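Novice: Please find protein.cif (mmCIF, C-alpha atoms and all ligand atoms) on the next line:
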```
data_data
loop_
_atom_site.group_PDB
_atom_site.id
_atom_site.type_symbol
_atom_site.label_atom_id
_atom_site.label_comp_id
_atom_site.auth_asym_id
_atom_site.auth_seq_id
_atom_site.Cartn_x
_atom_site.Cartn_y
_atom_site.Cartn_z
ATOM 1 C CA MET Q 462 50.333 110.337 95.361
ATOM 2 C CA ALA Q 463 51.925 111.861 98.447
ATOM 3 C CA LYS Q 464 51.947 115.633 98.423
ATOM 4 C CA ASN Q 465 54.708 117.744 99.773
ATOM 5 C CA PRO Q 466 52.990 120.826 101.211
ATOM 6 C CA SER Q 467 56.208 122.757 101.618
ATOM 7 C CA THR Q 468 57.301 122.839 97.989
ATOM 8 C CA TYR Q 469 54.659 124.601 95.871
ATOM 9 C CA ARG Q 470 54.573 128.419 95.992
ATOM 10 C CA GLY Q 471 52.455 130.331 93.536
ATOM 11 C CA ARG Q 472 51.560 133.986 93.202
ATOM 12 C CA LEU Q 473 49.040 136.357 91.693
ATOM 13 C CA ALA Q 474 50.622 139.526 90.331
ATOM 14 C CA PRO Q 475 47.968 141.995 89.206
ATOM 15 C CA SER Q 476 48.831 145.534 88.125
ATOM 16 C CA PRO Q 477 46.546 148.025 89.888
ATOM 17 C CA THR Q 478 45.978 150.098 86.743
ATOM 18 C CA GLY Q 479 42.318 149.253 86.202
ATOM 19 C CA HIS Q 480 39.552 146.978 87.365
ATOM 20 C CA LEU Q 481 40.158 143.245 87.138
ATOM 21 C CA HIS Q 482 38.385 141.673 84.203
ATOM 22 C CA LEU Q 483 37.099 138.150 83.713
ATOM 23 C CA GLY Q 484 40.381 137.111 82.098
ATOM 24 C CA HIS Q 485 42.308 138.005 85.245
ATOM 25 C CA ALA Q 486 39.682 136.322 87.371
ATOM 26 C CA ARG Q 487 39.904 133.120 85.382
ATOM 27 C CA THR Q 488 43.731 133.107 85.463
ATOM 28 C CA PHE Q 489 43.675 133.719 89.221
ATOM 29 C CA TRP Q 490 41.133 130.965 89.689
ATOM 30 C CA LEU Q 491 43.397 128.635 87.668
ATOM 31 C CA ALA Q 492 46.367 129.686 89.832
ATOM 32 C CA ALA Q 493 44.376 128.764 92.923
ATOM 33 C CA GLU Q 494 43.381 125.442 91.348
ATOM 34 C CA ARG Q 495 47.085 124.707 90.734
ATOM 35 C CA ALA Q 496 48.162 125.702 94.250
ATOM 36 C CA ARG Q 497 45.421 123.933 96.207
ATOM 37 C CA PRO Q 498 46.142 120.266 95.386
ATOM 38 C CA ALA Q 499 49.871 120.992 95.716
ATOM 39 C CA GLY Q 500 49.182 122.268 99.237
ATOM 40 C CA GLY Q 501 51.191 125.442 98.683
ATOM 41 C CA PRO Q 502 50.518 129.119 99.330
ATOM 42 C CA LEU Q 503 49.437 131.574 96.659
ATOM 43 C CA LEU Q 504 50.986 134.972 97.353
ATOM 44 C CA LEU Q 505 49.498 138.291 96.242
ATOM 45 C CA ARG Q 506 51.891 140.833 94.765
ATOM 46 C CA HIS Q 507 50.882 144.272 93.547
ATOM 47 C CA ASP Q 508 52.850 145.191 90.426
ATOM 48 C CA ASP Q 509 52.522 148.883 91.240
ATOM 49 C CA LEU Q 510 55.639 150.433 89.700
ATOM 50 C CA ASP Q 511 53.828 152.200 86.874
ATOM 51 C CA ALA Q 512 53.468 155.530 88.674
ATOM 52 C CA ILE Q 513 51.465 157.114 85.873
ATOM 53 C CA ARG Q 514 48.760 154.449 85.577
ATOM 54 C CA PHE Q 515 48.795 153.169 89.154
ATOM 55 C CA ARG Q 516 45.821 154.186 91.346
ATOM 56 C CA LEU Q 517 45.309 153.405 94.985
ATOM 57 C CA ASP Q 518 41.571 152.975 94.479
ATOM 58 C CA PHE Q 519 42.291 150.168 91.999
ATOM 59 C CA VAL Q 520 44.258 148.356 94.731
ATOM 60 C CA ALA Q 521 41.272 148.584 97.053
ATOM 61 C CA ALA Q 522 38.862 147.515 94.300
ATOM 62 C CA MET Q 523 41.077 144.593 93.361
ATOM 63 C CA LEU Q 524 41.305 143.340 96.939
ATOM 64 C CA GLU Q 525 37.564 143.598 97.289
ATOM 65 C CA ASP Q 526 36.907 141.778 93.996
ATOM 66 C CA LEU Q 527 39.356 139.019 94.871
ATOM 67 C CA HIS Q 528 37.843 138.668 98.295
ATOM 68 C CA TRP Q 529 34.394 138.382 96.694
ATOM 69 C CA LEU Q 530 35.751 135.619 94.450
ATOM 70 C CA GLY Q 531 36.882 133.729 97.556
ATOM 71 C CA PHE Q 532 40.560 134.642 97.886
ATOM 72 C CA THR Q 533 42.165 135.141 101.281
ATOM 73 C CA TRP Q 534 45.845 135.477 102.124
ATOM 74 C CA THR Q 535 47.823 133.959 104.914
ATOM 75 C CA GLU Q 536 51.104 135.592 103.846
ATOM 76 C CA PRO Q 537 51.554 139.383 103.743
ATOM 77 C CA VAL Q 538 50.548 141.141 100.533
ATOM 78 C CA ILE Q 539 53.615 142.383 98.653
ATOM 79 C CA SER Q 540 53.945 145.687 96.815
ATOM 80 C CA GLN Q 541 56.738 146.135 94.308
ATOM 81 C CA SER Q 542 56.985 149.812 95.233
ATOM 82 C CA ASP Q 543 58.281 148.698 98.672
ATOM 83 C CA ARG Q 544 61.028 146.615 97.150
ATOM 84 C CA LEU Q 545 63.164 149.063 95.171
ATOM 85 C CA PRO Q 546 66.411 148.280 97.076
ATOM 86 C CA LEU Q 547 66.110 144.648 95.991
ATOM 87 C CA TYR Q 548 65.781 145.615 92.316
ATOM 88 C CA ARG Q 549 68.657 148.101 92.586
ATOM 89 C CA SER Q 550 70.935 145.451 93.970
ATOM 90 C CA ALA Q 551 69.934 143.003 91.203
ATOM 91 C CA LEU Q 552 70.699 145.707 88.643
ATOM 92 C CA ALA Q 553 74.089 146.297 90.283
ATOM 93 C CA ARG Q 554 74.842 142.587 89.984
ATOM 94 C CA LEU Q 555 73.928 142.569 86.293
ATOM 95 C CA HIS Q 556 76.126 145.638 85.849
ATOM 96 C CA ALA Q 557 79.070 144.099 87.719
ATOM 97 C CA ALA Q 558 78.749 140.998 85.533
ATOM 98 C CA GLY Q 559 78.765 143.172 82.376
ATOM 99 C CA ARG Q 560 75.357 141.863 81.267
ATOM 100 C CA ILE Q 561 73.700 145.243 80.667
ATOM 101 C CA PHE Q 562 74.442 148.429 78.760
ATOM 102 C CA PRO Q 563 73.074 151.962 78.983
ATOM 103 C CA CYS Q 564 70.669 153.023 76.259
ATOM 104 C CA THR Q 565 69.834 156.579 75.261
ATOM 105 C CA ARG Q 566 67.763 155.629 72.213
ATOM 106 C CA THR Q 567 64.103 156.438 72.262
ATOM 107 C CA ARG Q 568 61.340 154.068 71.229
ATOM 108 C CA ARG Q 569 60.987 156.210 68.149
ATOM 109 C CA ASP Q 570 64.704 155.739 67.261
ATOM 110 C CA VAL Q 571 64.176 152.009 67.574
ATOM 111 C CA LEU Q 572 61.054 151.967 65.408
ATOM 112 C CA GLU Q 573 62.676 154.181 62.765
ATOM 113 C CA ALA Q 574 65.767 151.967 62.609
ATOM 114 C CA LEU Q 575 63.586 148.899 62.220
ATOM 115 C CA SER Q 576 61.643 150.410 59.361
ATOM 116 C CA ALA Q 577 64.746 151.701 57.492
ATOM 117 C CA PRO Q 578 64.633 150.184 53.969
ATOM 118 C CA HIS Q 579 68.243 148.907 54.046
ATOM 119 C CA GLU Q 580 67.760 146.981 57.289
ATOM 120 C CA PRO Q 581 66.678 143.349 57.272
ATOM 121 C CA ALA Q 582 63.117 143.183 58.529
ATOM 122 C CA ALA Q 583 63.091 142.426 62.230
ATOM 123 C CA PRO Q 584 60.278 140.170 63.347
ATOM 124 C CA ALA Q 585 57.420 142.133 64.802
ATOM 125 C CA THR Q 586 56.726 141.449 68.434
ATOM 126 C CA ASP Q 587 53.477 142.135 70.163
ATOM 127 C CA ASP Q 588 55.191 143.956 73.016
ATOM 128 C CA GLU Q 589 58.725 145.362 72.740
ATOM 129 C CA PRO Q 590 60.340 145.734 69.286
ATOM 130 C CA VAL Q 591 63.580 143.816 68.665
ATOM 131 C CA TYR Q 592 66.380 146.246 69.596
ATOM 132 C CA PRO Q 593 68.446 147.085 66.478
ATOM 133 C CA PRO Q 594 71.888 145.434 66.833
ATOM 134 C CA GLN Q 595 73.579 148.557 65.408
ATOM 135 C CA PHE Q 596 72.498 150.490 68.521
ATOM 136 C CA ARG Q 597 74.189 148.078 70.870
ATOM 137 C CA PRO Q 598 77.701 149.011 72.100
ATOM 138 C CA PRO Q 599 80.471 146.499 71.243
ATOM 139 C CA ALA Q 600 80.720 143.720 73.813
ATOM 140 C CA ASP Q 601 84.232 144.833 74.801
ATOM 141 C CA ALA Q 602 83.351 148.549 75.145
ATOM 142 C CA PRO Q 603 84.098 149.843 78.663
ATOM 143 C CA LEU Q 604 80.934 149.915 80.747
ATOM 144 C CA PRO Q 605 80.094 153.311 82.262
ATOM 145 C CA PRO Q 606 79.360 153.388 86.006
ATOM 146 C CA LEU Q 607 75.863 152.477 87.083
ATOM 147 C CA ASP Q 608 73.543 155.476 86.915
ATOM 148 C CA LEU Q 609 69.960 154.837 88.009
ATOM 149 C CA ASN Q 610 68.657 157.720 85.938
ATOM 150 C CA VAL Q 611 69.531 156.060 82.662
ATOM 151 C CA ASN Q 612 67.771 153.295 80.716
ATOM 152 C CA TRP Q 613 69.639 149.976 80.878
ATOM 153 C CA ARG Q 614 69.155 146.968 78.621
ATOM 154 C CA LEU Q 615 70.191 143.365 79.024
ATOM 155 C CA ARG Q 616 72.390 142.112 76.188
ATOM 156 C CA VAL Q 617 70.758 138.922 74.884
ATOM 157 C CA PRO Q 618 72.787 135.939 73.580
ATOM 158 C CA ASP Q 619 72.147 136.408 69.851
ATOM 159 C CA GLY Q 620 71.137 133.255 68.049
ATOM 160 C CA GLU Q 621 70.653 131.163 71.189
ATOM 161 C CA THR Q 622 67.362 129.271 71.234
ATOM 162 C CA LEU Q 623 65.821 129.188 74.684
ATOM 163 C CA THR Q 624 63.316 126.510 75.582
ATOM 164 C CA PHE Q 625 61.045 125.581 78.430
ATOM 165 C CA ILE Q 626 58.172 123.172 78.936
ATOM 166 C CA ASP Q 627 55.053 125.094 79.797
ATOM 167 C CA ASN Q 628 52.756 123.201 82.163
ATOM 168 C CA CYS Q 629 49.731 124.286 80.114
ATOM 169 C CA LEU Q 630 50.988 124.957 76.578
ATOM 170 C CA GLY Q 631 53.739 122.327 76.315
ATOM 171 C CA PRO Q 632 57.210 122.899 74.791
ATOM 172 C CA GLN Q 633 58.041 126.544 74.000
ATOM 173 C CA SER Q 634 61.063 128.013 72.259
ATOM 174 C CA ALA Q 635 62.317 131.406 71.099
ATOM 175 C CA THR Q 636 65.572 132.630 69.636
ATOM 176 C CA ALA Q 637 67.348 135.572 71.245
ATOM 177 C CA GLY Q 638 68.115 138.395 68.823
ATOM 178 C CA HIS Q 639 65.341 137.190 66.512
ATOM 179 C CA ASP Q 640 62.148 136.729 68.501
ATOM 180 C CA PHE Q 641 63.196 139.318 71.074
ATOM 181 C CA GLY Q 642 66.181 141.601 71.409
ATOM 182 C CA ASP Q 643 68.142 143.447 74.097
ATOM 183 C CA PHE Q 644 65.383 144.439 76.491
ATOM 184 C CA LEU Q 645 64.924 147.110 79.100
ATOM 185 C CA VAL Q 646 65.717 146.134 82.654
ATOM 186 C CA TRP Q 647 65.815 149.634 84.139
ATOM 187 C CA ARG Q 648 64.115 152.908 83.286
ATOM 188 C CA LYS Q 649 65.627 156.318 83.558
ATOM 189 C CA ASP Q 650 62.841 157.342 85.938
ATOM 190 C CA GLY Q 651 64.550 155.142 88.535
ATOM 191 C CA VAL Q 652 62.410 152.000 88.453
ATOM 192 C CA PRO Q 653 63.027 148.489 87.122
ATOM 193 C CA SER Q 654 61.200 147.271 84.038
ATOM 194 C CA TYR Q 655 58.447 144.690 84.500
ATOM 195 C CA GLN Q 656 60.910 141.987 83.320
ATOM 196 C CA LEU Q 657 63.494 142.713 86.002
ATOM 197 C CA ALA Q 658 61.098 143.357 88.870
ATOM 198 C CA CYS Q 659 59.079 140.234 88.084
ATOM 199 C CA ALA Q 660 62.076 137.889 87.784
ATOM 200 C CA VAL Q 661 63.737 139.302 90.904
ATOM 201 C CA ASP Q 662 60.521 138.912 92.892
ATOM 202 C CA ASP Q 663 59.724 135.425 91.659
ATOM 203 C CA ALA Q 664 63.267 134.358 92.617
ATOM 204 C CA ASP Q 665 63.253 136.171 95.962
ATOM 205 C CA LEU Q 666 59.803 134.868 96.932
ATOM 206 C CA LEU Q 667 60.846 131.310 95.984
ATOM 207 C CA ILE Q 668 57.935 130.947 93.577
ATOM 208 C CA THR Q 669 57.885 127.438 92.130
ATOM 209 C CA GLU Q 670 55.206 127.944 89.450
ATOM 210 C CA VAL Q 671 54.104 131.143 87.718
ATOM 211 C CA VAL Q 672 50.527 130.983 86.419
ATOM 212 C CA ARG Q 673 49.685 133.872 84.091
ATOM 213 C CA GLY Q 674 48.183 134.744 80.714
ATOM 214 C CA ALA Q 675 49.620 133.399 77.461
ATOM 215 C CA ASP Q 676 50.316 136.985 76.330
ATOM 216 C CA LEU Q 677 53.383 136.848 78.590
ATOM 217 C CA VAL Q 678 55.108 133.818 77.019
ATOM 218 C CA LYS Q 679 57.638 136.041 75.260
ATOM 219 C CA SER Q 680 58.369 137.837 78.496
ATOM 220 C CA THR Q 681 59.120 134.471 80.058
ATOM 221 C CA PHE Q 682 62.096 134.019 77.715
ATOM 222 C CA ARG Q 683 63.456 137.384 78.793
ATOM 223 C CA GLN Q 684 62.915 136.520 82.423
ATOM 224 C CA LEU Q 685 64.703 133.180 81.936
ATOM 225 C CA LEU Q 686 67.768 135.181 80.876
ATOM 226 C CA ILE Q 687 67.491 137.303 84.026
ATOM 227 C CA PHE Q 688 67.225 134.227 86.271
ATOM 228 C CA ARG Q 689 70.274 132.818 84.547
ATOM 229 C CA ALA Q 690 72.281 136.050 84.818
ATOM 230 C CA LEU Q 691 71.452 136.303 88.527
ATOM 231 C CA GLY Q 692 72.217 132.639 89.160
ATOM 232 C CA ALA Q 693 68.674 132.019 90.433
ATOM 233 C CA PRO Q 694 66.698 128.863 89.599
ATOM 234 C CA ALA Q 695 63.756 129.596 87.288
ATOM 235 C CA PRO Q 696 60.247 128.614 88.403
ATOM 236 C CA GLN Q 697 57.986 126.490 86.246
ATOM 237 C CA PHE Q 698 55.391 128.234 84.092
ATOM 238 C CA TYR Q 699 51.732 127.688 83.298
ATOM 239 C CA HIS Q 700 50.480 130.161 80.683
ATOM 240 C CA ALA Q 701 46.710 130.176 80.480
ATOM 241 C CA PRO Q 702 45.084 130.767 77.071
ATOM 242 C CA LEU Q 703 43.625 134.263 76.853
ATOM 243 C CA MET Q 704 39.935 135.009 76.984
ATOM 244 C CA LEU Q 705 38.267 136.722 74.061
ATOM 245 C CA ASP Q 706 35.197 138.916 73.986
ATOM 246 C CA ALA Q 707 32.243 138.251 71.668
ATOM 247 C CA THR Q 708 34.083 139.913 68.738
ATOM 248 C CA GLY Q 709 37.180 137.755 69.176
ATOM 249 C CA THR Q 710 39.203 140.561 70.775
ATOM 250 C CA ARG Q 711 41.321 139.817 73.795
ATOM 251 C CA LEU Q 712 39.938 141.156 77.073
ATOM 252 C CA ALA Q 713 41.625 144.228 78.472
ATOM 253 C CA LYS Q 714 41.049 146.592 81.334
ATOM 254 C CA ARG Q 715 39.245 148.939 78.970
ATOM 255 C CA HIS Q 716 36.494 146.299 78.613
ATOM 256 C CA GLU Q 717 34.625 147.690 81.595
ATOM 257 C CA ALA Q 718 31.554 145.628 80.651
ATOM 258 C CA LEU Q 719 33.525 142.467 81.324
ATOM 259 C CA SER Q 720 35.088 143.671 84.559
ATOM 260 C CA LEU Q 721 34.579 141.566 87.636
ATOM 261 C CA ARG Q 722 32.926 144.600 89.199
ATOM 262 C CA THR Q 723 30.268 144.859 86.519
ATOM 263 C CA VAL Q 724 29.576 141.130 86.547
ATOM 264 C CA ARG Q 725 29.146 141.334 90.330
ATOM 265 C CA GLU Q 726 26.849 144.316 90.058
ATOM 266 C CA GLN Q 727 24.743 142.416 87.532
ATOM 267 C CA GLY Q 728 24.081 139.802 90.201
ATOM 268 C CA THR Q 729 26.359 136.933 89.173
ATOM 269 C CA THR Q 730 27.531 134.979 92.218
ATOM 270 C CA PRO Q 731 31.140 133.822 92.679
ATOM 271 C CA GLU Q 732 29.909 130.215 92.489
ATOM 272 C CA GLN Q 733 28.246 130.859 89.112
ATOM 273 C CA LEU Q 734 31.350 132.539 87.753
ATOM 274 C CA ILE Q 735 33.650 129.751 88.915
ATOM 275 C CA GLU Q 736 31.291 127.197 87.420
ATOM 276 C CA GLN Q 737 31.598 129.040 84.089
ATOM 277 C CA PHE Q 738 35.396 128.991 84.391
ATOM 278 C CA ARG Q 739 35.296 125.312 85.212
ATOM 279 C CA ARG Q 740 33.102 124.546 82.215
ATOM 280 C CA ARG Q 741 35.134 126.919 80.024
ATOM 281 C CA GLU Q 742 31.924 128.636 79.009
ATOM 282 C CA ILE Q 743 33.733 131.908 78.615
ATOM 283 C CA LYS Q 744 35.479 131.796 75.293
ATOM 284 C CA SER Q 745 39.255 131.535 75.339
ATOM 285 C CA ALA Q 746 41.865 131.871 72.594
HETATM 286 N N1 LIG V 1 51.458 142.402 86.510
HETATM 287 C C1 LIG V 1 51.456 141.710 85.252
HETATM 288 C C2 LIG V 1 50.168 141.934 84.544
HETATM 289 O O1 LIG V 1 49.179 142.209 85.184
HETATM 290 C C3 LIG V 1 51.509 140.210 85.367
HETATM 291 C C4 LIG V 1 52.755 139.751 85.696
HETATM 292 C C5 LIG V 1 52.937 138.284 85.859
HETATM 293 O O2 LIG V 1 52.030 137.534 86.221
HETATM 294 O O3 LIG V 1 54.083 137.937 85.677
HETATM 295 O O4 LIG V 1 50.170 141.778 83.351
#
```
Take the structure in the file and give it back as structure tokens.
Specialist:
Amino acid sequence: MAKNPSTYRGRLAPSPTGHLHLGHARTFWLAAERARPAGGPLLLRHDDLDAIRFRLDFVAAMLEDLHWLGFTWTEPVISQSDRLPLYRSALARLHAAGRIFPCTRTRRDVLEALSAPHEPAAPATDDEPVYPPQFRPPADAPLPPLDLNVNWRLRVPDGETLTFIDNCLGPQSATAGHDFGDFLVWRKDGVPSYQLACAVDDADLLITEVVRGADLVKSTFRQLLIFRALGAPAPQFYHAPLMLDATGTRLAKRHEALSLRTVREQGTTPEQLIEQFRRREIKSA
């Protein structure tokens, strides 16, 4: 089949808050496997907006580990911390369109409201709890001016079922207001949430397929709402099943033993590791 080298654009978007582990490495390898036959570039973006957990030495370590694994970049490496004006202008557009509202509730307020005995049980989510509808201002309430030192949430279309076909997992669906609620797009410390920054970047960088871990499927539904609200076409998605450690627990940056660094230090070669990924010898969920 003829390939069109100009269409595919993928990206890797690690957060420099720890050493890359084998799960990241396998997802990144899969991303490269998707991009290569399509003849498209794979961009590298540092998701470095978490000022508390971000460390410059993790950026350096990540670049070195990725280089060891065989990655090189022809396009400039992107850092979200350099792109704040872009996120501010996206927030201003959401504000002008009346899609967001300011939120002064704390996470604790939200959790307490959800556990109140007279409230219907909200479905538990693995990431952000469903925002209690009673905290949301009425849709026709006047919107205060945009203040970047306030938390802002996107008002989700309650009851609407969103769907997409995942290129790895197949058809996916989730209902707004049930599986996820009004979610944070901006934090009062002056930075966008992961959801806003990621969707704005994927749209701005003309990414055609996002390859990432299956733990982010729910985030994808939120990001689909952001693409829609900003009038940007959504990319396609390929969510890779997560890797588990020997006890069946999902890999995380705290699993230093399974970091790419440690595996390297133990003498594994990139070729051996990639062969394991190819043969799926490392257990996945
Ligand atoms: N930076 C995010 C993370 O490491 C990934 C974001 C993404 O691929 O969309 O979890």
Novice: Name the residues, by chain letter and number, that sit within 7 Å of ligand LIG 1 (chain V) using only C-alpha atoms and all ligand atoms, and give them as a PyMOL selection string.
Specialist: chain Q and resi 473-476+508+659+671-673
Novice: Between Q:Ala574, Q:Val611, Q:Ser720, Q:Pro618, which has the minimum distance to Met523 in chain Q (counting only C-alpha atoms)?
Specialist: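 Of the candidates, the smallest distance to Met523 in chain Q is held by Q:Ser720.
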Novice: Of the residues Q:Ala690, Q:Ala486, Q:Ile735, Q:Val571, which is the one nearest to Asp526 in chain Q, using only C-alpha atoms?
Specialist: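 Among the listed residues, Q:Ala486 lies closest to Asp526 in chain Q.
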Novice: What does the PyMOL selection byres (((chain Q and resi 695) around 10) and not hetatm) select in this file, as a CSV table (one decimal) with C-alpha atoms, in the frame of the given file?
Specialist:
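Contents of the output file expr-v7.csv:
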```
chain,number,residue,atom,x,y,z
Q,660,ALA,CA,62.1,137.9,87.8
Q,663,ASP,CA,59.7,135.4,91.7
Q,664,ALA,CA,63.3,134.4,92.6
Q,667,LEU,CA,60.8,131.3,96.0
Q,668,ILE,CA,57.9,130.9,93.6
Q,669,THR,CA,57.9,127.4,92.1
Q,670,GLU,CA,55.2,127.9,89.4
Q,671,VAL,CA,54.1,131.1,87.7
Q,681,THR,CA,59.1,134.5,80.1
Q,684,GLN,CA,62.9,136.5,82.4
Q,685,LEU,CA,64.7,133.2,81.9
Q,686,LEU,CA,67.8,135.2,80.9
Q,687,ILE,CA,67.5,137.3,84.0
Q,688,PHE,CA,67.2,134.2,86.3
Q,689,ARG,CA,70.3,132.8,84.5
Q,692,GLY,CA,72.2,132.6,89.2
Q,693,ALA,CA,68.7,132.0,90.4
Q,694,PRO,CA,66.7,128.9,89.6
Q,696,PRO,CA,60.2,128.6,88.4
Q,697,GLN,CA,58.0,126.5,86.2
Q,698,PHE,CA,55.4,128.2,84.1
```
Novice: Report as a ChimeraX atom specification all protein, DNA and RNA residues lying within 7 Å of Phe519 in chain Q, evaluated on only C-alpha atoms, omitting residues in the same chain fewer than 4 positions from it.
Specialist: /Q:477-480,523
Novice: Mind completing range 501-508 of chain Q with all heavy atoms? Output as a compact mmCIF listing (two decimals), in the coordinates of the input, please?
Specialist:
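Writing the result to result-v5.txt gives the following:
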```txt
# COMPACT_ATOMS: atom_id res chain seq x y z
N GLY Q 501 50.27 124.31 98.48
CA GLY Q 501 51.19 125.44 98.68
C GLY Q 501 50.47 126.77 98.74
O GLY Q 501 49.32 126.89 98.33
N PRO Q 502 51.15 127.80 99.26
CA PRO Q 502 50.52 129.12 99.33
C PRO Q 502 50.48 129.80 97.96
O PRO Q 502 51.27 129.49 97.08
CB PRO Q 502 51.45 129.90 100.27
CG PRO Q 502 52.79 129.27 100.09
CD PRO Q 502 52.53 127.81 99.78
N LEU Q 503 49.54 130.73 97.85
CA LEU Q 503 49.44 131.57 96.66
C LEU Q 503 49.61 133.00 97.18
O LEU Q 503 48.75 133.49 97.91
CB LEU Q 503 48.04 131.36 96.05
CG LEU Q 503 47.77 131.89 94.67
CD1 LEU Q 503 48.71 131.29 93.63
CD2 LEU Q 503 46.33 131.58 94.28
N LEU Q 504 50.71 133.62 96.83
CA LEU Q 504 50.99 134.97 97.35
C LEU Q 504 50.28 136.02 96.48
O LEU Q 504 50.04 135.76 95.30
CB LEU Q 504 52.49 135.24 97.32
CG LEU Q 504 53.34 134.66 98.44
CD1 LEU Q 504 53.30 133.16 98.47
CD2 LEU Q 504 54.76 135.14 98.33
N LEU Q 505 50.03 137.18 97.04
CA LEU Q 505 49.50 138.29 96.24
C LEU Q 505 50.55 139.39 96.19
O LEU Q 505 51.06 139.84 97.22
CB LEU Q 505 48.21 138.85 96.86
CG LEU Q 505 47.66 140.09 96.15
CD1 LEU Q 505 47.25 139.77 94.71
CD2 LEU Q 505 46.45 140.66 96.89
N ARG Q 506 50.89 139.77 94.96
CA ARG Q 506 51.89 140.83 94.76
C ARG Q 506 51.28 141.92 93.90
O ARG Q 506 50.76 141.64 92.82
CB ARG Q 506 53.10 140.20 94.05
CG ARG Q 506 54.22 141.15 93.80
CD ARG Q 506 55.32 140.46 93.02
NE ARG Q 506 55.13 140.58 91.58
CZ ARG Q 506 55.60 139.73 90.69
NH1 ARG Q 506 56.24 138.64 91.05
NH2 ARG Q 506 55.40 139.95 89.40
N HIS Q 507 51.35 143.16 94.38
CA HIS Q 507 50.88 144.27 93.55
C HIS Q 507 52.03 144.74 92.66
O HIS Q 507 53.07 145.16 93.17
CB HIS Q 507 50.46 145.47 94.42
CG HIS Q 507 49.29 145.18 95.29
ND1 HIS Q 507 48.11 144.67 94.79
CD2 HIS Q 507 49.08 145.34 96.62
CE1 HIS Q 507 47.24 144.53 95.77
NE2 HIS Q 507 47.81 144.92 96.89
N ASP Q 508 51.84 144.67 91.36
CA ASP Q 508 52.85 145.19 90.43
C ASP Q 508 52.52 146.67 90.23
O ASP Q 508 51.85 147.06 89.27
CB ASP Q 508 52.79 144.42 89.10
CG ASP Q 508 53.41 143.03 89.22
OD1 ASP Q 508 53.86 142.65 90.32
OD2 ASP Q 508 53.47 142.32 88.20
```
